[in-house]
file work_19.cif (mmCIF, C-alpha atoms)
data_protein
#
loop_
_atom_site.label_atom_id
_atom_site.label_comp_id
_atom_site.auth_asym_id
_atom_site.auth_seq_id
_atom_site.Cartn_x
_atom_site.Cartn_y
_atom_site.Cartn_z
CA MET P 1 -3.34 -10.59 -19.04
CA THR P 2 -0.55 -8.35 -20.37
CA THR P 3 2.44 -8.05 -18.06
CA VAL P 4 3.58 -4.49 -17.40
CA THR P 5 7.37 -4.31 -17.24
CA GLU P 6 9.45 -1.75 -15.32
CA ARG P 7 10.39 -0.16 -18.64
CA ASP P 8 6.71 0.16 -19.57
CA VAL P 9 5.92 1.80 -16.22
CA GLN P 10 8.59 4.42 -16.82
CA LEU P 11 6.69 5.44 -19.96
CA LEU P 12 3.36 5.69 -18.15
CA ARG P 13 1.90 8.68 -16.38
CA ASP P 14 -1.14 9.62 -14.34
CA ALA P 15 -2.85 12.92 -13.55
CA LEU P 16 0.15 13.97 -11.47
CA GLY P 17 2.73 13.38 -14.21
CA PRO P 18 5.21 10.66 -15.24
CA LEU P 19 5.73 7.75 -12.89
CA ARG P 20 9.14 7.70 -11.19
CA ASP P 21 11.52 4.77 -11.34
CA ARG P 22 10.77 2.48 -8.39
CA GLU P 23 14.41 1.70 -7.66
CA GLN P 24 15.50 5.33 -7.77
CA VAL P 25 12.75 6.33 -5.33
CA ALA P 26 13.73 3.51 -2.96
CA GLN P 27 17.41 4.41 -3.15
CA ARG P 28 16.73 8.03 -2.20
CA LEU P 29 14.59 6.89 0.71
CA LEU P 30 17.30 4.51 1.88
CA GLU P 31 19.83 7.36 1.82
CA SER P 32 17.45 9.54 3.83
CA SER P 33 16.88 6.71 6.31
CA ALA P 34 20.62 6.37 6.84
CA LYS P 35 20.85 10.08 7.72
CA HIS P 36 17.61 10.67 9.61
CA SER P 37 16.59 7.64 11.66
CA PHE P 38 16.23 7.57 15.44
CA ASP P 39 16.43 5.14 18.32
CA PRO P 40 13.62 6.35 20.65
CA ASP P 41 15.11 4.49 23.63
CA LYS P 42 18.23 6.64 23.38
CA GLU P 43 16.84 9.79 21.78
CA LEU P 44 14.13 10.54 24.37
CA ASP P 45 14.42 11.18 28.11
CA TRP P 46 12.10 8.51 29.46
CA ASP P 47 13.19 9.09 33.05
CA SER P 48 12.06 12.72 33.26
CA PRO P 49 8.87 13.26 35.31
CA VAL P 50 5.50 14.12 33.80
CA GLU P 51 5.21 17.92 33.66
CA GLU P 52 2.40 19.33 35.79
CA GLY P 53 -0.14 21.45 33.92
CA LYS P 54 1.06 20.46 30.46
CA TRP P 55 -1.10 18.74 27.87
CA PHE P 56 -0.57 15.29 26.42
CA TRP P 57 -2.25 16.49 23.20
CA PRO P 58 -3.07 20.02 21.98
CA PRO P 59 -6.51 20.91 23.35
CA GLU P 60 -7.80 22.09 19.96
CA LEU P 61 -7.20 18.58 18.59
CA LEU P 62 -9.20 16.86 21.34
CA SER P 63 -12.49 15.36 20.23
CA LEU P 64 -14.65 17.33 22.69
CA TYR P 65 -12.96 20.71 22.21
CA ASP P 66 -15.46 23.61 22.02
CA THR P 67 -18.50 21.38 22.66
CA PRO P 68 -21.04 22.14 25.44
CA LEU P 69 -19.44 19.37 27.52
CA TRP P 70 -16.00 20.94 27.05
CA HIS P 71 -17.22 24.22 28.47
CA LYS P 72 -18.61 22.43 31.53
CA MET P 73 -15.43 20.43 32.19
CA SER P 74 -12.88 21.50 34.77
CA GLU P 75 -9.31 22.17 33.66
CA GLU P 76 -8.29 18.98 35.47
CA GLN P 77 -10.83 16.97 33.46
CA ARG P 78 -9.63 18.54 30.22
CA LEU P 79 -6.02 17.65 30.97
CA ASP P 80 -7.06 14.12 31.88
CA LEU P 81 -9.02 13.83 28.63
CA ALA P 82 -5.89 14.89 26.72
CA ARG P 83 -3.83 12.27 28.53
CA ARG P 84 -6.32 9.52 27.74
CA GLU P 85 -6.98 10.58 24.14
CA SER P 86 -3.22 10.62 23.56
CA ALA P 87 -3.10 7.04 24.86
CA SER P 88 -6.08 6.11 22.67
CA LEU P 89 -4.40 7.55 19.56
CA ALA P 90 -1.14 5.78 20.40
CA SER P 91 -3.07 2.51 20.81
CA LEU P 92 -4.71 3.09 17.43
CA GLY P 93 -1.29 3.80 15.94
CA ILE P 94 0.15 0.53 17.25
CA TRP P 95 -2.83 -1.44 15.91
CA PHE P 96 -2.50 0.19 12.54
CA GLU P 97 1.27 -0.21 12.31
CA ILE P 98 1.03 -3.92 13.07
CA ILE P 99 -1.42 -4.20 10.16
CA LEU P 100 0.87 -2.12 7.96
CA MET P 101 3.89 -4.32 8.69
CA GLN P 102 1.92 -7.40 7.61
CA LEU P 103 0.81 -5.67 4.39
CA LEU P 104 4.38 -4.64 3.59
CA VAL P 105 5.66 -8.18 4.10
CA ARG P 106 2.96 -9.45 1.73
CA HIS P 107 3.90 -6.79 -0.82
CA ILE P 108 7.55 -7.80 -1.00
CA TYR P 109 7.03 -11.57 -0.76
CA ASP P 110 7.40 -12.08 -4.54
CA LYS P 111 9.76 -9.14 -5.18
CA PRO P 112 13.52 -9.47 -5.85
CA VAL P 113 15.13 -9.66 -2.42
CA THR P 114 18.20 -7.67 -3.45
CA SER P 115 16.25 -4.74 -4.90
CA SER P 116 16.30 -1.31 -3.28
CA HIS P 117 12.50 -1.42 -3.24
CA VAL P 118 12.51 -4.48 -0.97
CA ARG P 119 15.38 -3.11 1.12
CA TYR P 120 13.41 0.05 1.80
CA ALA P 121 10.27 -1.92 2.68
CA LEU P 122 12.31 -3.83 5.26
CA THR P 123 13.74 -0.54 6.52
CA GLU P 124 10.22 0.82 6.93
CA ILE P 125 9.15 -2.30 8.81
CA ALA P 126 12.05 -1.74 11.19
CA ASP P 127 10.92 1.89 11.63
CA GLU P 128 7.38 0.75 12.42
CA CYS P 129 8.64 -1.75 14.98
CA ARG P 130 10.43 1.07 16.80
CA HIS P 131 7.39 3.34 16.51
CA SER P 132 5.07 0.74 18.01
CA MET P 133 7.41 0.18 20.95
CA MET P 134 7.80 3.95 21.36
CA PHE P 135 4.03 4.49 21.44
CA ALA P 136 3.58 1.67 23.95
CA ARG P 137 6.24 3.15 26.20
CA MET P 138 4.63 6.59 25.95
CA ILE P 139 1.28 5.13 27.05
CA GLN P 140 2.93 3.53 30.06
CA LYS P 141 4.73 6.76 30.93
CA SER P 142 1.46 8.72 30.82
CA GLY P 143 -0.16 6.45 33.39
CA ALA P 144 -3.19 5.95 31.15
CA PRO P 145 -4.32 2.50 30.02
CA ALA P 146 -4.07 1.29 26.44
CA TYR P 147 -7.33 1.70 24.55
CA PRO P 148 -7.68 -1.06 21.92
CA VAL P 149 -10.08 -0.67 19.00
CA PRO P 150 -13.44 -2.44 19.44
CA ARG P 151 -13.29 -6.20 18.92
CA LEU P 152 -15.56 -5.98 15.86
CA TYR P 153 -13.11 -3.75 14.02
CA HIS P 154 -10.09 -5.64 15.34
CA ASN P 155 -11.48 -8.76 13.66
CA LEU P 156 -12.71 -6.88 10.58
CA ALA P 157 -9.09 -5.80 10.03
CA ARG P 158 -8.11 -9.48 9.85
CA ILE P 159 -10.35 -9.80 6.80
CA LEU P 160 -9.28 -6.47 5.29
CA LYS P 161 -5.57 -7.25 5.45
CA THR P 162 -6.17 -10.76 4.09
CA VAL P 163 -8.18 -9.77 1.01
CA SER P 164 -6.61 -6.36 0.39
CA THR P 165 -5.18 -5.78 -3.05
CA THR P 166 -1.71 -4.26 -3.35
CA PRO P 167 -3.04 -0.78 -4.23
CA GLY P 168 -5.66 -1.18 -1.49
CA SER P 169 -2.89 -1.87 1.00
CA PHE P 170 -1.03 1.31 0.10
CA ALA P 171 -4.21 3.39 0.10
CA ALA P 172 -5.01 2.13 3.61
CA THR P 173 -1.41 2.82 4.63
CA LEU P 174 -1.76 6.47 3.64
CA LEU P 175 -5.08 6.73 5.45
CA GLY P 176 -3.49 5.66 8.71
CA GLU P 177 -0.35 7.73 8.29
CA GLU P 178 -1.38 11.09 6.87
CA ILE P 179 -4.15 12.18 9.28
CA LEU P 180 -2.09 11.39 12.37
CA ASP P 181 0.94 12.98 10.70
CA TRP P 182 -1.01 16.23 10.22
CA MET P 183 -1.92 16.27 13.90
CA GLN P 184 1.62 15.46 14.99
CA ARG P 185 3.05 18.28 12.90
CA LEU P 186 0.90 20.62 14.99
CA THR P 187 1.90 18.87 18.21
CA PHE P 188 5.69 18.67 18.30
CA PRO P 189 6.33 22.46 18.10
CA ASP P 190 3.61 23.22 20.70
CA GLU P 191 5.26 24.24 23.98
CA ARG P 192 2.01 23.64 25.89
CA VAL P 193 2.47 19.90 25.29
CA GLN P 194 4.51 17.46 27.40
CA THR P 195 8.16 17.40 26.31
CA LEU P 196 8.12 13.61 25.92
CA VAL P 197 5.03 13.70 23.69
CA ARG P 198 6.62 16.39 21.55
CA GLY P 199 9.73 14.23 21.17
CA VAL P 200 7.69 11.18 20.21
CA THR P 201 5.72 13.10 17.59
CA ARG P 202 8.87 14.73 16.18
CA ILE P 203 10.51 11.35 15.59
CA HIS P 204 7.35 9.96 14.07
CA VAL P 205 6.88 12.93 11.72
CA VAL P 206 10.46 12.75 10.40
CA GLU P 207 10.37 9.03 9.73
CA GLU P 208 6.78 8.88 8.49
CA ALA P 209 7.56 11.42 5.77
CA ARG P 210 9.58 8.69 4.04
CA HIS P 211 6.83 6.13 4.54
CA VAL P 212 4.28 8.46 2.97
CA ARG P 213 6.53 9.06 -0.05
CA TYR P 214 7.04 5.31 -0.54
CA ALA P 215 3.31 4.58 -0.28
CA ARG P 216 2.26 7.44 -2.56
CA GLU P 217 4.71 6.48 -5.29
CA GLU P 218 3.70 2.83 -5.15
CA LEU P 219 -0.04 3.58 -5.07
CA ARG P 220 0.31 5.77 -8.17
CA ARG P 221 2.15 2.92 -9.91
CA GLN P 222 -0.45 0.36 -8.86
CA MET P 223 -3.45 2.47 -9.93
CA VAL P 224 -1.92 2.89 -13.39
CA THR P 225 -0.98 -0.76 -13.90
CA ALA P 226 -3.65 -2.71 -11.98
CA PRO P 227 -6.53 -4.34 -13.88
CA ARG P 228 -9.88 -2.60 -13.68
CA TRP P 229 -11.40 -5.04 -11.18
CA GLU P 230 -8.50 -4.41 -8.80
CA GLN P 231 -8.86 -0.64 -9.14
CA GLU P 232 -12.58 -0.89 -8.32
CA LEU P 233 -11.94 -3.17 -5.34
CA THR P 234 -9.29 -0.72 -4.12
CA ARG P 235 -11.79 2.15 -4.24
CA LEU P 236 -14.27 0.15 -2.18
CA SER P 237 -11.77 -1.18 0.37
CA CYS P 238 -10.21 2.25 0.80
CA GLY P 239 -13.63 3.79 1.44
CA GLU P 240 -14.49 1.11 3.99
CA ALA P 241 -11.10 1.59 5.66
CA ALA P 242 -11.84 5.32 5.96
CA ARG P 243 -15.19 4.57 7.60
CA VAL P 244 -13.63 2.14 10.11
CA PHE P 245 -10.73 4.48 10.82
CA SER P 246 -13.03 7.40 11.63
CA VAL P 247 -15.12 5.23 13.99
CA CYS P 248 -12.04 3.90 15.80
CA PHE P 249 -10.13 7.19 16.01
CA VAL P 250 -10.93 7.75 19.69
CA ASN P 251 -12.09 4.96 21.98
CA PRO P 252 -15.30 6.19 23.73
CA GLN P 253 -14.08 4.59 26.97
CA VAL P 254 -11.93 7.70 27.46
CA TYR P 255 -15.10 9.72 28.15
CA THR P 256 -16.25 7.31 30.84
CA ASP P 257 -12.80 7.31 32.39
CA VAL P 258 -12.80 11.10 32.84
CA GLY P 259 -16.23 11.01 34.48
CA LEU P 260 -18.44 11.97 31.52
CA ASP P 261 -21.62 10.42 30.20
CA ARG P 262 -20.33 8.31 27.33
CA ARG P 263 -23.41 8.51 25.11
CA GLU P 264 -23.71 12.25 25.52
CA ALA P 265 -20.00 12.74 24.78
CA VAL P 266 -20.15 10.62 21.61
CA ALA P 267 -23.23 12.52 20.43
CA GLN P 268 -21.57 15.88 21.00
CA VAL P 269 -18.42 14.80 19.15
CA LYS P 270 -20.55 13.73 16.18
CA ALA P 271 -22.38 17.07 16.20
CA SER P 272 -19.24 19.19 16.62
CA GLY P 273 -18.43 21.43 13.68
CA HIS P 274 -14.95 22.01 15.07
CA ARG P 275 -14.24 18.28 15.27
CA ARG P 276 -15.50 17.76 11.73
CA GLU P 277 -13.20 20.53 10.51
CA VAL P 278 -10.21 19.05 12.36
CA MET P 279 -10.71 15.60 10.85
CA GLN P 280 -11.35 16.92 7.35
CA SER P 281 -8.35 19.25 7.54
CA GLY P 282 -6.22 16.31 8.64
CA ALA P 283 -7.44 14.22 5.72
CA LYS P 284 -7.46 16.97 3.08
CA ARG P 285 -3.96 16.48 1.67
CA LEU P 286 -4.67 12.75 1.38
CA THR P 287 -8.15 13.06 -0.14
CA ASP P 288 -6.90 15.59 -2.71
CA PHE P 289 -4.16 13.12 -3.69
CA LEU P 290 -6.53 10.13 -3.85
CA ASP P 291 -8.99 12.17 -5.90
CA ASP P 292 -6.26 13.17 -8.35
CA ILE P 293 -5.15 9.57 -8.98
CA GLY P 294 -8.68 8.18 -9.34
CA VAL P 295 -9.25 6.40 -6.01
CA LEU P 296 -12.20 8.51 -4.83
CA ARG P 297 -14.82 7.36 -7.30
CA GLY P 298 -18.15 5.56 -7.25
CA PRO P 299 -19.37 3.75 -4.11
CA GLY P 300 -15.94 4.20 -2.50
CA ARG P 301 -16.38 7.97 -2.57
CA ARG P 302 -19.74 7.62 -0.84
CA LEU P 303 -18.06 5.60 1.91
CA TRP P 304 -15.49 8.37 2.31
CA LYS P 305 -18.31 10.91 2.66
CA SER P 306 -20.03 8.75 5.28
CA SER P 307 -16.75 8.61 7.23
CA GLY P 308 -16.87 12.38 7.69
CA LEU P 309 -13.30 12.72 6.42
CA LEU P 310 -14.07 14.08 2.96
CA ALA P 311 -14.59 17.83 2.94
CA LYS P 312 -17.28 19.29 0.68
CA SER P 313 -14.93 22.04 -0.49
CA LYS P 314 -11.20 22.50 -0.85
CA ASN P 315 -11.06 25.43 1.54
CA GLY P 316 -10.67 25.58 5.30
CA ALA P 317 -7.99 24.82 7.85
CA VAL P 318 -7.69 24.58 11.59
CA THR P 319 -5.62 27.10 13.53
CA LEU P 320 -4.49 25.93 16.94
CA ARG P 321 -4.11 29.30 18.66
CA ALA P 322 -6.67 32.06 18.54
#
call {"tool": "encode", "arguments": {"input": "work_19.cif", "output": "structure tokens"}}
result
Amino acid sequence: MTTVTERDVQLLRDALGPLRDREQVAQRLLESSAKHSFDPDKELDWDSPVEEGKWFWPPELLSLYDTPLWHKMSEEQRLDLARRESASLASLGIWFEIILMQLLVRHIYDKPVTSSHVRYALTEIADECRHSMMFARMIQKSGAPAYPVPRLYHNLARILKTVSTTPGSFAATLLGEEILDWMQRLTFPDERVQTLVRGVTRIHVVEEARHVRYAREELRRQMVTAPRWEQELTRLSCGEAARVFSVCFVNPQVYTDVGLDRREAVAQVKASGHRREVMQSGAKRLTDFLDDIGVLRGPGRRLWKSSGLLAKSKNGAVTLRA
């Protein structure tokens, strides 16, 4: 197999243009991290009381919004659903970030330890540690329980993170980061939402922007330089990750906990055109990018379609306020 050197990579390009120098990208991200990183324990007011009548998540982003069940629910039930879905999403975020940290450690294991690329990966791992602790603290503050992903998918992730290729790891990273990032960008400016939740999402959005840049640049590099078998495996694993992610996005136990019929709620979420539009709008920037660099092809694309995250057209967006 021919070894692709850093000099060779600089001469390569994909559909988005020339590949950037890995060390230069990492150095810029390290500079940004030095200027715009946060300590959630000090940055946020964890002692302030929960605000009565405020949402823990924008109502339009809740899974049951505008379904027949939603219209039958009391305002108290809707607020409770928001509190529990926020806890469910935070639980999903912690699960995913623990996986991501393991994938990053694997990625840098054979890399030069003094490189800026490795230094930034370690910086990102430190960010993710703080994010996971921040999400856990937010769950506790809300008074809702943690909602772990189903055991089947918890164990399936063990296999996925063990066999994942390097490009597959970065594709999965973007899947977990970009959809939640889209939702959080709508959440932190929303004055209807709890002040603490807005603060948590603001910190996450600022720091995740760097993580997304790092993952995108590295995925582009990997898809250009990886052998064909690895590219094909990446397309499949990314599609399967999308399917699992969409299934695990909200733990159905939240519906039972707010006094709803679980099976009916799940069925209405699946049938909801609004929910489908929310999820596809959240994934659109990512799916456009993956399509451009050749990840959404073959059987992997069919898995993305089955996940419900791949829009049929490039139009459409969700507006929070009527």
call {"tool": "resolve_selection", "arguments": {"input": "work_19.cif", "expression": "the PyMOL selection byres ((chain P and resi 106) around 12)", "output": "ChimeraX atom specification"}}
result
/P:99-105,107-111,118,121-122,125,161-166,169-170
call {"tool": "residues_around", "arguments": {"input": "work_19.cif", "residues": "Leu64 (chain P)", "least_positions_apart": "6", "cutoff": "10 Å", "atoms": "all atoms listed in the file", "output": "PyMOL selection string"}}
result
chain P and resi 70-71+78+81-82+255+265-266+268-270+272+274-275
call {"tool": "closest_residue", "arguments": {"input": "work_19.cif", "among": "P:His117, P:Arg198, P:Arg28, P:Arg220", "to": "Arg13 (chain P)", "atoms": "only C-alpha atoms"}}
result
P:Arg220
call {"tool": "closest_residue", "arguments": {"input": "work_19.cif", "among": "P:Tyr65, P:Tyr147, P:Tyr153, P:Trp55", "to": "Gly93 (chain P)", "atoms": "only C-alpha atoms"}}
result
P:Tyr147
call {"tool": "closest_residue", "arguments": {"input": "work_19.cif", "among": "P:His211, P:Gly239, P:Ile203, P:Phe38", "to": "Phe188 (chain P)", "atoms": "only C-alpha atoms"}}
result
P:Ile203
call {"tool": "residues_near_point", "arguments": {"input": "work_19.cif", "point": "(1.2, 8.8, 10.2)", "cutoff": "9 Å", "atoms": "all atoms listed in the file", "output": "PyMOL selection string"}}
result
chain P and resi 93+173-184+204-205+208-209+211-212
